[in-house]
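Engineer: What follows is my_file_36.tsv, TSV, C-alpha atoms.
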```tsv
chain	number	residue	atom	x	y	z
A	1	MET	CA	11.41	21.48	-11.23
A	2	SER	CA	14.73	20.08	-12.31
A	3	ASP	CA	15.51	17.82	-9.36
A	4	ILE	CA	13.17	15.02	-10.43
A	5	GLY	CA	15.65	12.94	-12.42
A	6	VAL	CA	18.32	13.30	-9.73
A	7	ILE	CA	19.19	10.07	-7.93
A	8	ARG	CA	21.70	10.31	-5.11
A	9	THR	CA	24.07	7.38	-5.47
A	10	VAL	CA	27.15	6.09	-3.71
A	11	SER	CA	29.82	4.27	-5.68
A	12	PHE	CA	33.06	2.47	-4.84
A	13	ASP	CA	35.55	0.19	-6.55
A	14	LEU	CA	35.85	-3.45	-5.54
A	15	GLY	CA	38.75	-4.85	-7.53
A	16	PRO	CA	37.75	-4.64	-11.22
A	17	LEU	CA	34.09	-3.92	-10.37
A	18	HIS	CA	32.67	-0.43	-10.12
A	19	ILE	CA	29.69	-0.75	-7.77
A	20	VAL	CA	27.00	1.92	-7.71
A	21	PHE	CA	24.05	1.83	-5.35
A	22	ASN	CA	21.34	4.07	-4.01
A	23	PRO	CA	21.65	4.15	-0.20
A	24	LEU	CA	18.10	5.43	0.27
A	25	THR	CA	16.62	2.41	-1.54
A	26	VAL	CA	18.76	0.02	0.47
A	27	ILE	CA	17.73	1.60	3.78
A	28	MET	CA	14.05	1.64	2.79
A	29	THR	CA	14.19	-2.00	1.69
A	30	TRP	CA	15.66	-2.96	5.08
A	31	ILE	CA	12.92	-1.01	6.85
A	32	VAL	CA	10.26	-2.87	4.84
A	33	ILE	CA	11.91	-6.21	5.57
A	34	ALA	CA	12.10	-5.38	9.30
A	35	VAL	CA	8.41	-4.40	9.42
A	36	ILE	CA	7.33	-7.59	7.63
A	37	LEU	CA	9.52	-9.74	9.89
A	38	ILE	CA	8.25	-8.19	13.12
A	39	LEU	CA	4.63	-8.35	11.95
A	40	PHE	CA	4.76	-11.99	10.92
A	41	ILE	CA	6.75	-13.13	13.96
A	42	TRP	CA	4.02	-11.50	16.03
A	43	PHE	CA	1.36	-13.24	13.90
A	44	SER	CA	2.92	-16.66	14.30
A	45	ARG	CA	3.58	-16.41	18.04
A	46	LYS	CA	1.66	-18.66	20.45
A	47	ARG	CA	0.05	-20.87	17.86
A	48	GLU	CA	-2.57	-23.26	19.15
A	49	ARG	CA	-4.71	-26.09	17.90
A	50	ILE	CA	-7.87	-24.07	18.47
A	51	PRO	CA	-6.94	-20.76	16.87
A	52	GLY	CA	-7.53	-17.42	18.52
A	53	ARG	CA	-8.82	-14.45	16.60
A	54	ARG	CA	-5.43	-13.30	15.31
A	55	GLN	CA	-4.32	-16.76	14.26
A	56	ALA	CA	-7.65	-17.45	12.55
A	57	ALA	CA	-7.38	-14.26	10.49
A	58	VAL	CA	-3.84	-15.06	9.30
A	59	GLU	CA	-4.78	-18.68	8.57
A	60	MET	CA	-7.69	-17.45	6.48
A	61	ILE	CA	-5.41	-15.21	4.41
A	62	ILE	CA	-2.85	-18.00	3.91
A	63	GLU	CA	-5.62	-20.43	2.93
A	64	MET	CA	-7.01	-17.95	0.40
A	65	PHE	CA	-3.59	-17.68	-1.25
A	66	ASP	CA	-3.14	-21.43	-1.06
A	67	ASP	CA	-6.37	-21.90	-3.05
A	68	LEU	CA	-5.37	-19.22	-5.55
A	69	VAL	CA	-1.93	-20.76	-6.17
A	70	ALA	CA	-3.39	-24.28	-6.35
A	71	GLU	CA	-5.92	-23.13	-8.93
A	72	THR	CA	-3.29	-21.43	-11.11
A	73	ILE	CA	-0.19	-23.61	-10.80
A	74	GLY	CA	-1.79	-27.00	-10.28
A	75	LYS	CA	0.54	-29.88	-9.38
A	76	ASP	CA	3.16	-29.23	-6.66
A	77	HIS	CA	1.68	-25.84	-5.89
A	78	ARG	CA	3.00	-25.89	-2.31
A	79	ARG	CA	6.51	-25.59	-3.71
A	80	TYR	CA	5.66	-22.19	-5.20
A	81	LEU	CA	3.37	-20.85	-2.46
A	82	PRO	CA	6.16	-19.32	-0.30
A	83	LEU	CA	7.70	-17.51	-3.27
A	84	VAL	CA	4.40	-16.14	-4.53
A	85	LEU	CA	3.23	-15.02	-1.11
A	86	THR	CA	6.61	-13.42	-0.37
A	87	ILE	CA	6.52	-11.49	-3.62
A	88	PHE	CA	3.01	-10.22	-2.87
A	89	ILE	CA	3.72	-9.17	0.72
A	90	PHE	CA	7.05	-7.55	-0.10
A	91	VAL	CA	5.69	-5.57	-3.07
A	92	LEU	CA	2.57	-4.58	-1.12
A	93	PHE	CA	4.50	-3.27	1.88
A	94	SER	CA	7.02	-1.56	-0.40
A	95	ASN	CA	4.26	0.25	-2.27
A	96	TRP	CA	2.58	1.31	0.93
A	97	THR	CA	5.75	2.81	2.44
A	98	GLY	CA	5.35	5.95	0.33
A	99	VAL	CA	2.22	6.95	2.24
A	100	ILE	CA	4.27	7.58	5.40
A	101	PRO	CA	6.01	10.97	5.26
A	102	LEU	CA	9.81	10.97	4.88
A	103	LEU	CA	9.84	7.37	3.70
A	104	GLN	CA	10.19	6.37	0.06
A	105	GLU	CA	8.95	3.33	-1.81
A	106	PRO	CA	11.77	0.87	-2.59
A	107	THR	CA	9.79	-0.01	-5.74
A	108	LYS	CA	10.24	3.58	-6.98
A	109	ASP	CA	13.82	2.60	-7.80
A	110	LEU	CA	13.90	0.58	-11.03
A	111	ASN	CA	16.39	-1.87	-9.52
A	112	THR	CA	13.95	-3.36	-7.00
A	113	PRO	CA	11.30	-4.48	-9.54
A	114	LEU	CA	14.15	-5.57	-11.82
A	115	GLY	CA	15.55	-7.82	-9.10
A	116	LEU	CA	12.16	-9.34	-8.37
A	117	ALA	CA	11.47	-9.93	-12.07
A	118	LEU	CA	14.89	-11.58	-12.40
A	119	VAL	CA	14.00	-14.02	-9.63
A	120	VAL	CA	10.68	-14.83	-11.34
A	121	PHE	CA	12.49	-15.23	-14.68
A	122	LEU	CA	14.95	-17.75	-13.24
A	123	VAL	CA	12.24	-19.69	-11.39
A	124	THR	CA	10.04	-19.78	-14.51
A	125	HIS	CA	12.67	-21.24	-16.79
A	126	PHE	CA	14.08	-23.54	-14.14
A	127	SER	CA	10.65	-25.07	-13.52
A	128	GLY	CA	10.01	-25.22	-17.27
A	129	VAL	CA	13.13	-27.34	-17.69
A	130	LYS	CA	12.50	-29.36	-14.52
A	131	TYR	CA	8.93	-30.40	-15.32
A	132	ASN	CA	9.23	-30.88	-19.10
A	133	GLY	CA	12.82	-31.97	-19.64
A	134	ILE	CA	15.30	-29.69	-21.38
A	135	PHE	CA	14.67	-30.84	-24.97
A	136	LYS	CA	10.91	-30.62	-24.80
A	137	TYR	CA	11.17	-27.21	-23.18
A	138	LEU	CA	13.63	-25.86	-25.76
A	139	LYS	CA	11.48	-27.28	-28.53
A	140	SER	CA	8.58	-25.12	-27.37
A	141	PHE	CA	10.53	-22.07	-28.55
A	142	PHE	CA	10.58	-23.46	-32.11
A	143	GLU	CA	6.82	-23.76	-32.38
A	144	PRO	CA	4.69	-23.51	-34.45
A	145	ILE	CA	7.56	-23.31	-36.99
A	146	ALA	CA	11.30	-22.99	-36.46
A	147	VAL	CA	11.53	-19.61	-38.22
A	148	LEU	CA	9.65	-17.99	-35.35
A	149	PHE	CA	12.44	-18.74	-32.84
A	150	PRO	CA	13.74	-15.12	-32.55
A	151	ILE	CA	10.22	-13.75	-32.13
A	152	ASN	CA	9.48	-16.29	-29.41
A	153	VAL	CA	12.67	-15.36	-27.55
A	154	VAL	CA	11.94	-11.62	-27.78
A	155	GLY	CA	8.36	-12.20	-26.66
A	156	GLU	CA	9.58	-14.26	-23.72
A	157	LEU	CA	11.99	-11.51	-22.64
A	158	GLY	CA	9.36	-8.82	-23.28
A	159	LYS	CA	7.02	-10.47	-20.79
A	160	PHE	CA	9.51	-9.89	-17.99
A	161	VAL	CA	10.47	-6.40	-19.15
A	162	ALA	CA	6.76	-5.52	-19.04
A	163	LEU	CA	6.49	-7.10	-15.59
A	164	PHE	CA	9.03	-4.83	-13.92
A	165	PHE	CA	8.37	-1.71	-15.97
A	166	ARG	CA	4.67	-1.84	-15.09
A	167	LEU	CA	5.36	-1.89	-11.35
A	168	PHE	CA	8.10	0.74	-11.56
A	169	GLY	CA	6.12	3.01	-13.88
A	170	ASN	CA	2.98	2.98	-11.76
A	171	ILE	CA	4.74	3.72	-8.48
A	172	PHE	CA	7.12	6.25	-10.01
A	173	GLY	CA	4.32	7.95	-11.95
A	174	GLY	CA	2.14	8.18	-8.84
A	175	SER	CA	4.88	9.77	-6.77
A	176	VAL	CA	5.70	12.22	-9.59
A	177	ILE	CA	2.05	13.31	-9.80
A	178	ILE	CA	1.92	13.91	-6.03
A	179	TRP	CA	5.21	15.79	-6.21
A	180	VAL	CA	4.03	18.00	-9.10
A	181	ALA	CA	0.77	18.85	-7.28
A	182	TYR	CA	2.78	19.69	-4.17
A	183	THR	CA	5.25	22.01	-5.90
A	184	MET	CA	2.49	23.78	-7.84
A	185	LEU	CA	0.03	24.28	-4.98
A	186	MET	CA	2.31	25.01	-2.03
A	187	PRO	CA	3.87	28.39	-3.04
A	188	SER	CA	0.80	30.62	-2.73
A	189	TRP	CA	-1.19	30.77	0.50
A	190	TRP	CA	-4.69	30.31	-0.90
A	191	THR	CA	-3.91	27.12	-2.87
A	192	ARG	CA	-2.39	25.44	0.20
A	193	TRP	CA	-5.90	24.77	1.46
A	194	ILE	CA	-6.63	22.71	-1.66
A	195	MET	CA	-3.58	20.62	-0.88
A	196	LEU	CA	-4.94	19.96	2.59
A	197	ALA	CA	-7.88	18.07	1.06
A	198	LEU	CA	-6.14	16.80	-2.06
A	199	GLY	CA	-2.99	15.48	-0.36
A	200	PRO	CA	-4.54	12.67	1.72
A	201	PHE	CA	-6.83	11.72	-1.16
A	202	MET	CA	-3.92	11.41	-3.59
A	203	ALA	CA	-1.85	9.48	-1.05
A	204	ALA	CA	-4.74	7.08	-0.51
A	205	PHE	CA	-5.37	6.60	-4.24
A	206	PHE	CA	-1.82	6.40	-5.61
A	207	GLY	CA	-0.27	4.87	-2.50
A	208	LEU	CA	-2.80	2.47	-1.04
A	209	PHE	CA	-5.14	1.62	-3.94
A	210	VAL	CA	-2.72	1.55	-6.87
A	211	GLY	CA	-0.13	-0.09	-4.61
A	212	LEU	CA	-2.51	-2.94	-3.76
A	213	ILE	CA	-3.63	-3.42	-7.37
A	214	GLN	CA	-0.07	-3.41	-8.69
A	215	ALA	CA	1.15	-5.83	-6.02
A	216	PHE	CA	-1.68	-8.19	-6.95
A	217	VAL	CA	-0.99	-7.83	-10.69
A	218	PHE	CA	2.71	-8.49	-10.16
A	219	MET	CA	1.95	-11.62	-8.13
A	220	MET	CA	-0.71	-12.92	-10.55
A	221	LEU	CA	1.50	-12.40	-13.59
A	222	SER	CA	4.55	-14.05	-11.97
A	223	MET	CA	2.41	-17.00	-10.98
A	224	THR	CA	0.85	-17.27	-14.44
A	225	TYR	CA	4.23	-17.17	-16.18
A	226	ILE	CA	5.52	-19.94	-13.93
A	227	ALA	CA	2.35	-21.98	-14.55
A	228	VAL	CA	2.61	-21.59	-18.34
A	229	ALA	CA	6.26	-22.70	-18.43
A	230	LYS	CA	5.63	-25.57	-16.02
A	231	ASN	CA	2.41	-27.08	-17.45
A	232	GLN	CA	3.18	-27.05	-21.16
B	1	MET	CA	15.31	28.64	-24.07
B	2	ASN	CA	16.91	27.21	-27.20
B	3	TRP	CA	15.21	25.27	-29.97
B	4	ILE	CA	16.31	21.87	-28.70
B	5	GLU	CA	14.38	22.38	-25.47
B	6	ILE	CA	11.37	23.39	-27.58
B	7	ILE	CA	11.63	20.15	-29.56
B	8	THR	CA	11.95	18.16	-26.34
B	9	MET	CA	8.80	19.72	-24.91
B	10	LEU	CA	6.89	19.10	-28.14
B	11	SER	CA	8.06	15.51	-28.07
B	12	ALA	CA	6.92	15.05	-24.47
B	13	GLY	CA	3.50	16.42	-25.36
B	14	ILE	CA	3.18	14.07	-28.33
B	15	ALA	CA	4.25	11.07	-26.24
B	16	MET	CA	1.76	11.65	-23.47
B	17	GLY	CA	-1.08	12.98	-25.61
B	18	LEU	CA	-1.13	10.13	-28.09
B	19	GLY	CA	-0.24	7.59	-25.43
B	20	ALA	CA	-3.33	8.45	-23.42
B	21	ILE	CA	-5.73	7.60	-26.28
B	22	GLY	CA	-5.41	3.83	-26.33
B	23	SER	CA	-5.42	3.22	-22.60
B	24	GLY	CA	-8.33	5.61	-22.12
B	25	ILE	CA	-10.56	3.95	-24.72
B	26	GLY	CA	-9.53	0.47	-23.64
B	27	GLU	CA	-10.20	1.04	-19.96
B	28	GLY	CA	-13.50	2.69	-20.76
B	29	TYR	CA	-14.50	-0.33	-22.84
B	30	ALA	CA	-13.64	-2.63	-19.93
B	31	ALA	CA	-15.68	-0.47	-17.55
B	32	GLY	CA	-18.65	-0.50	-19.91
B	33	LYS	CA	-18.55	-4.27	-20.24
B	34	ALA	CA	-18.29	-4.55	-16.44
B	35	VAL	CA	-21.42	-2.44	-16.00
B	36	GLU	CA	-23.22	-4.61	-18.52
B	37	ALA	CA	-22.14	-7.84	-16.82
B	38	ALA	CA	-22.98	-6.52	-13.35
B	39	SER	CA	-26.46	-5.50	-14.44
B	40	ARG	CA	-27.01	-8.96	-15.89
B	41	GLN	CA	-25.55	-10.87	-12.93
B	42	PRO	CA	-25.69	-8.66	-9.81
B	43	GLY	CA	-24.80	-11.61	-7.58
B	44	VAL	CA	-21.22	-11.85	-8.82
B	45	SER	CA	-20.49	-8.16	-9.06
B	46	ASP	CA	-17.50	-8.46	-6.69
B	47	LYS	CA	-15.79	-10.95	-9.02
B	48	ILE	CA	-16.60	-8.69	-11.97
B	49	MET	CA	-15.21	-5.70	-10.10
B	50	LYS	CA	-11.97	-7.51	-9.29
B	51	THR	CA	-11.43	-8.64	-12.88
B	52	MET	CA	-12.27	-5.18	-14.20
B	53	LEU	CA	-9.77	-3.47	-11.90
B	54	ILE	CA	-6.94	-5.90	-12.66
B	55	GLY	CA	-7.65	-5.79	-16.39
B	56	GLN	CA	-7.70	-2.01	-16.38
B	57	ALA	CA	-4.49	-1.84	-14.38
B	58	VAL	CA	-2.78	-3.95	-17.04
B	59	ALA	CA	-4.35	-1.94	-19.88
B	60	GLU	CA	-3.05	1.23	-18.28
B	61	SER	CA	0.58	0.16	-18.41
B	62	THR	CA	1.27	1.61	-21.88
B	63	GLY	CA	-0.16	4.92	-20.69
B	64	ILE	CA	2.25	4.72	-17.78
B	65	TYR	CA	5.14	4.07	-20.18
B	66	SER	CA	4.12	7.20	-22.08
B	67	LEU	CA	4.18	9.14	-18.82
B	68	VAL	CA	7.64	7.81	-18.00
B	69	VAL	CA	8.97	8.71	-21.46
B	70	ALA	CA	7.37	12.18	-21.31
B	71	LEU	CA	8.90	12.87	-17.90
B	72	LEU	CA	12.29	11.58	-19.02
B	73	LEU	CA	12.10	13.87	-22.06
B	74	LEU	CA	11.20	16.84	-19.88
B	75	PHE	CA	13.67	16.35	-17.06
B	76	ALA	CA	16.38	13.87	-17.98
B	77	ALA	CA	17.05	14.33	-21.72
B	78	PRO	CA	20.37	15.93	-22.72
B	79	LYS	CA	20.10	19.66	-23.45
B	80	ASP	CA	23.15	20.70	-25.51
B	81	VAL	CA	22.97	18.49	-28.58
B	82	GLY	CA	22.95	18.72	-32.36
B	83	LEU	CA	20.24	18.38	-34.96
B	84	VAL	CA	20.43	14.58	-35.18
B	85	LYS	CA	19.96	14.08	-31.45
B	86	ALA	CA	17.12	16.62	-31.37
B	87	MET	CA	15.32	14.67	-34.08
B	88	ALA	CA	15.98	11.47	-32.14
B	89	LEU	CA	14.26	13.02	-29.12
B	90	LEU	CA	11.29	13.97	-31.29
B	91	GLY	CA	11.25	10.44	-32.67
B	92	ALA	CA	11.19	9.03	-29.15
B	93	GLY	CA	8.01	10.97	-28.45
B	94	PHE	CA	6.39	9.72	-31.65
B	95	ALA	CA	7.50	6.13	-31.03
B	96	MET	CA	6.04	5.95	-27.55
B	97	GLY	CA	2.96	8.01	-28.36
B	98	PHE	CA	1.83	5.99	-31.37
B	99	GLY	CA	3.11	2.72	-29.93
B	100	ALA	CA	0.94	3.09	-26.84
B	101	ILE	CA	-2.33	3.32	-28.78
B	102	GLY	CA	-2.55	-0.26	-30.01
B	103	PRO	CA	-1.69	-2.18	-26.83
B	104	GLY	CA	-3.91	0.11	-24.76
B	105	LEU	CA	-6.89	-0.57	-27.01
B	106	GLY	CA	-6.14	-4.26	-27.33
B	107	GLU	CA	-5.61	-4.91	-23.64
B	108	GLY	CA	-8.74	-2.95	-22.80
B	109	TYR	CA	-10.67	-5.08	-25.28
B	110	ALA	CA	-9.32	-8.24	-23.68
B	111	ALA	CA	-10.25	-6.91	-20.23
B	112	GLY	CA	-13.77	-6.13	-21.42
B	113	LYS	CA	-14.22	-9.59	-22.89
B	114	GLY	CA	-12.82	-11.17	-19.73
B	115	VAL	CA	-15.36	-9.29	-17.64
B	116	GLU	CA	-18.13	-10.32	-20.03
B	117	GLY	CA	-17.04	-13.95	-19.82
B	118	ILE	CA	-17.09	-13.92	-16.03
B	119	GLY	CA	-20.55	-12.38	-16.13
B	120	ARG	CA	-21.65	-15.24	-18.38
B	121	SER	CA	-20.06	-18.13	-16.46
B	122	PRO	CA	-18.97	-17.02	-12.97
B	123	HIS	CA	-17.81	-20.50	-11.96
B	124	GLU	CA	-15.02	-20.46	-14.54
B	125	GLU	CA	-13.56	-17.29	-13.04
B	126	GLY	CA	-10.06	-18.67	-12.55
B	127	ASN	CA	-9.70	-19.92	-16.12
B	128	VAL	CA	-11.11	-16.77	-17.71
B	129	PHE	CA	-8.92	-14.59	-15.53
B	130	ARG	CA	-5.76	-16.52	-16.37
B	131	VAL	CA	-6.38	-16.53	-20.11
B	132	MET	CA	-7.15	-12.81	-19.98
B	133	LEU	CA	-3.89	-12.01	-18.17
B	134	ILE	CA	-1.74	-14.10	-20.51
B	135	GLY	CA	-3.37	-12.61	-23.59
B	136	GLN	CA	-2.91	-9.10	-22.28
B	137	ALA	CA	0.73	-9.74	-21.47
B	138	VAL	CA	1.34	-10.98	-25.03
B	139	SER	CA	-0.54	-8.11	-26.66
B	140	GLU	CA	1.54	-5.67	-24.66
B	141	SER	CA	4.78	-6.77	-26.31
B	142	THR	CA	4.53	-4.18	-29.09
B	143	GLY	CA	4.19	-1.47	-26.45
B	144	ILE	CA	7.39	-2.79	-24.87
B	145	TYR	CA	9.15	-2.55	-28.23
B	146	SER	CA	8.05	1.09	-28.48
B	147	LEU	CA	9.36	1.77	-24.99
B	148	VAL	CA	12.71	0.14	-25.75
B	149	VAL	CA	13.09	2.12	-28.99
B	150	ALA	CA	12.11	5.36	-27.25
B	151	LEU	CA	14.65	4.79	-24.47
B	152	LEU	CA	17.32	3.94	-27.04
B	153	LEU	CA	16.52	7.15	-28.92
B	154	ILE	CA	16.74	9.22	-25.74
B	155	PHE	CA	19.86	7.76	-24.16
B	156	VAL	CA	21.89	5.88	-26.78
B	157	VAL	CA	21.58	7.50	-30.23
```
Once you've parsed the file, please lay out its structure as structure tokens.
Structural biologist:
Amino acid sequence: MSDIGVIRTVSFDLGPLHIVFNPLTVIMTWIVIAVILILFIWFSRKRERIPGRRQAAVEMIIEMFDDLVAETIGKDHRRYLPLVLTIFIFVLFSNWTGVIPLLQEPTKDLNTPLGLALVVFLVTHFSGVKYNGIFKYLKSFFEPIAVLFPINVVGELGKFVALFFRLFGNIFGGSVIIWVAYTMLMPSWWTRWIMLALGPFMAAFFGLFVGLIQAFVFMMLSMTYIAVAKNQ
Amino acid sequence: MNWIEIITMLSAGIAMGLGAIGSGIGEGYAAGKAVEAASRQPGVSDKIMKTMLIGQAVAESTGIYSLVVALLLLFAAPKDVGLVKAMALLGAGFAMGFGAIGPGLGEGYAAGKGVEGIGRSPHEEGNVFRVMLIGQAVSESTGIYSLVVALLLIFVV
């Protein structure tokens, strides 16, 4: 049971930089991106004024998200709709990859949620400055009194640390639980039959259900953080 | 098996055992409030269900951090170290275990109250939901501090 912390990485030197990456995560991310691209190009093909069944279904989903973003972000919500929807679809498909044998969730690698949270962090503070002006926005860190400035900064950073650790921890924890059950039940012949029933159930719960909930939580929290910074 | 591995295992047990308390009680509180609200307003039980699930998923995050720390202690912590490092590993377990109780309870309480509020005024769902999420995210910050300290104790000290 000692191969759980092992991550196979490839590293090379590029001038003064020492670059380390995990080839499996990169490949899986590209697979997810390819699936999303193909699916949505197929969805958006042959659009017509009177929608067919496929187009109507996709339009309904987009409209639902449009309402949700409008309700949370308020003014100029169309500017943030593509980002929010992209985050949701990417995280959802990433979480669901683990259900397919031999594939691995890109979100199981800490770097993927970290990258997404970094994007949300930049967008949040950029829109905070853009909609409130830099002085008013900076002043909000000195409230209610100036002494609380360090606590406000730590709390602000903590929000984003929590954002990516929650996604990573849930997906990683789920896959570890499945892996532990597998290694404990597979060796002897009579417990393999338990795995036959338990395996699909665990994949459905930790992969599909938790994956959907976590994708939704990630999207809602990113959107809420942006809304709070923007509408101060 | 040397004594440092024994300390690491003890630490992992403390981290996960204590860390499960807060999230468990908090999520149970949210579920109880959801049952109450659904029995009062059966018409909006799908909204209540959605809020309950999201609130519980957020309240569970400190339990997940405990799981991550316990697994790191079991499988990724250094083995051949001195007394100071061994005590640091034990301290990491205590930090994450105790630190997970408060946020788990608090976030579960917020989730329960959010569900109750939606049961009382279903038309204000968006507002209640947003306030609940922001409050939970803020009350989780102490859990994040515990996680950061535990990771520092495992990998840096």
Engineer: Please check the contacts: residues of chain B at most 12 Å away from chain A, using all atoms listed in the file, listed as a ChimeraX atom specification.
Structural biologist: /B:50-78,103,124-148
Engineer: Could you please take those selected residues and save C-alpha atoms as a PDB file, in the coordinates of the input?
Structural biologist:
```pdb
ATOM      1  CA  LYS B  50     -11.970  -7.510  -9.290  1.00  0.00           C
ATOM      2  CA  THR B  51     -11.430  -8.640 -12.880  1.00  0.00           C
ATOM      3  CA  MET B  52     -12.270  -5.180 -14.200  1.00  0.00           C
ATOM      4  CA  LEU B  53      -9.770  -3.470 -11.900  1.00  0.00           C
ATOM      5  CA  ILE B  54      -6.940  -5.900 -12.660  1.00  0.00           C
ATOM      6  CA  GLY B  55      -7.650  -5.790 -16.390  1.00  0.00           C
ATOM      7  CA  GLN B  56      -7.700  -2.010 -16.380  1.00  0.00           C
ATOM      8  CA  ALA B  57      -4.490  -1.840 -14.380  1.00  0.00           C
ATOM      9  CA  VAL B  58      -2.780  -3.950 -17.040  1.00  0.00           C
ATOM     10  CA  ALA B  59      -4.350  -1.940 -19.880  1.00  0.00           C
ATOM     11  CA  GLU B  60      -3.050   1.230 -18.280  1.00  0.00           C
ATOM     12  CA  SER B  61       0.580   0.160 -18.410  1.00  0.00           C
ATOM     13  CA  THR B  62       1.270   1.610 -21.880  1.00  0.00           C
ATOM     14  CA  GLY B  63      -0.160   4.920 -20.690  1.00  0.00           C
ATOM     15  CA  ILE B  64       2.250   4.720 -17.780  1.00  0.00           C
ATOM     16  CA  TYR B  65       5.140   4.070 -20.180  1.00  0.00           C
ATOM     17  CA  SER B  66       4.120   7.200 -22.080  1.00  0.00           C
ATOM     18  CA  LEU B  67       4.180   9.140 -18.820  1.00  0.00           C
ATOM     19  CA  VAL B  68       7.640   7.810 -18.000  1.00  0.00           C
ATOM     20  CA  VAL B  69       8.970   8.710 -21.460  1.00  0.00           C
ATOM     21  CA  ALA B  70       7.370  12.180 -21.310  1.00  0.00           C
ATOM     22  CA  LEU B  71       8.900  12.870 -17.900  1.00  0.00           C
ATOM     23  CA  LEU B  72      12.290  11.580 -19.020  1.00  0.00           C
ATOM     24  CA  LEU B  73      12.100  13.870 -22.060  1.00  0.00           C
ATOM     25  CA  LEU B  74      11.200  16.840 -19.880  1.00  0.00           C
ATOM     26  CA  PHE B  75      13.670  16.350 -17.060  1.00  0.00           C
ATOM     27  CA  ALA B  76      16.380  13.870 -17.980  1.00  0.00           C
ATOM     28  CA  ALA B  77      17.050  14.330 -21.720  1.00  0.00           C
ATOM     29  CA  PRO B  78      20.370  15.930 -22.720  1.00  0.00           C
ATOM     30  CA  PRO B 103      -1.690  -2.180 -26.830  1.00  0.00           C
ATOM     31  CA  GLU B 124     -15.020 -20.460 -14.540  1.00  0.00           C
ATOM     32  CA  GLU B 125     -13.560 -17.290 -13.040  1.00  0.00           C
ATOM     33  CA  GLY B 126     -10.060 -18.670 -12.550  1.00  0.00           C
ATOM     34  CA  ASN B 127      -9.700 -19.920 -16.120  1.00  0.00           C
ATOM     35  CA  VAL B 128     -11.110 -16.770 -17.710  1.00  0.00           C
ATOM     36  CA  PHE B 129      -8.920 -14.590 -15.530  1.00  0.00           C
ATOM     37  CA  ARG B 130      -5.760 -16.520 -16.370  1.00  0.00           C
ATOM     38  CA  VAL B 131      -6.380 -16.530 -20.110  1.00  0.00           C
ATOM     39  CA  MET B 132      -7.150 -12.810 -19.980  1.00  0.00           C
ATOM     40  CA  LEU B 133      -3.890 -12.010 -18.170  1.00  0.00           C
ATOM     41  CA  ILE B 134      -1.740 -14.100 -20.510  1.00  0.00           C
ATOM     42  CA  GLY B 135      -3.370 -12.610 -23.590  1.00  0.00           C
ATOM     43  CA  GLN B 136      -2.910  -9.100 -22.280  1.00  0.00           C
ATOM     44  CA  ALA B 137       0.730  -9.740 -21.470  1.00  0.00           C
ATOM     45  CA  VAL B 138       1.340 -10.980 -25.030  1.00  0.00           C
ATOM     46  CA  SER B 139      -0.540  -8.110 -26.660  1.00  0.00           C
ATOM     47  CA  GLU B 140       1.540  -5.670 -24.660  1.00  0.00           C
ATOM     48  CA  SER B 141       4.780  -6.770 -26.310  1.00  0.00           C
ATOM     49  CA  THR B 142       4.530  -4.180 -29.090  1.00  0.00           C
ATOM     50  CA  GLY B 143       4.190  -1.470 -26.450  1.00  0.00           C
ATOM     51  CA  ILE B 144       7.390  -2.790 -24.870  1.00  0.00           C
ATOM     52  CA  TYR B 145       9.150  -2.550 -28.230  1.00  0.00           C
ATOM     53  CA  SER B 146       8.050   1.090 -28.480  1.00  0.00           C
ATOM     54  CA  LEU B 147       9.360   1.770 -24.990  1.00  0.00           C
ATOM     55  CA  VAL B 148      12.710   0.140 -25.750  1.00  0.00           C
TER      56      VAL B 148
END
```
Engineer: Tell me, in Å to one decimal, how far CA of Val84 (chain A) is from CA of Asn132 (chain A).
Structural biologist: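 The value is 21.3 Å.
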Engineer: Using only C-alpha atoms, which residues sit within 6 Å of Phe88 (chain A) once same-chain residues fewer than 4 positions away are excluded, as a PyMOL selection string?
Structural biologist: chain A and resi 92+215+219
Engineer: So that I can see what lies close to Pro122 (chain B), please list as a PDB file with C-alpha atoms, keeping the file's coordinate frame the residues with an atom at most 10 Å from it, counting all atoms listed in the file and leaving out residues fewer than 6 positions away in the same chain.
Structural biologist:
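Listed below is the output, around.pdb:
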```
ATOM      1  CA  GLN B  41     -25.550 -10.870 -12.930  1.00  0.00           C
ATOM      2  CA  GLY B  43     -24.800 -11.610  -7.580  1.00  0.00           C
ATOM      3  CA  VAL B  44     -21.220 -11.850  -8.820  1.00  0.00           C
ATOM      4  CA  SER B  45     -20.490  -8.160  -9.060  1.00  0.00           C
ATOM      5  CA  LYS B  47     -15.790 -10.950  -9.020  1.00  0.00           C
ATOM      6  CA  ILE B  48     -16.600  -8.690 -11.970  1.00  0.00           C
ATOM      7  CA  VAL B 115     -15.360  -9.290 -17.640  1.00  0.00           C
ATOM      8  CA  GLU B 116     -18.130 -10.320 -20.030  1.00  0.00           C
ATOM      9  CA  VAL B 128     -11.110 -16.770 -17.710  1.00  0.00           C
TER      10      VAL B 128
END
```
Engineer: What is the distance, in Å and to one decimal place, between CA of Thr124 (chain A) and CA of Trp96 (chain A)?
Structural biologist: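 Computing it gives 27.2 Å between the two atoms.
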Engineer: Produce the centre coordinates and the three edge lengths, each in Å to one decimal, of the box along x, y and z that contains all listed atoms of region 129-134 of chain B with 8 Å added on each side, as lines of an AutoDock Vina configuration file.
Structural biologist:
```
center_x = -5.3
center_y = -14.3
center_z = -18.0
size_x = 23.2
size_y = 20.5
size_z = 21.0
```
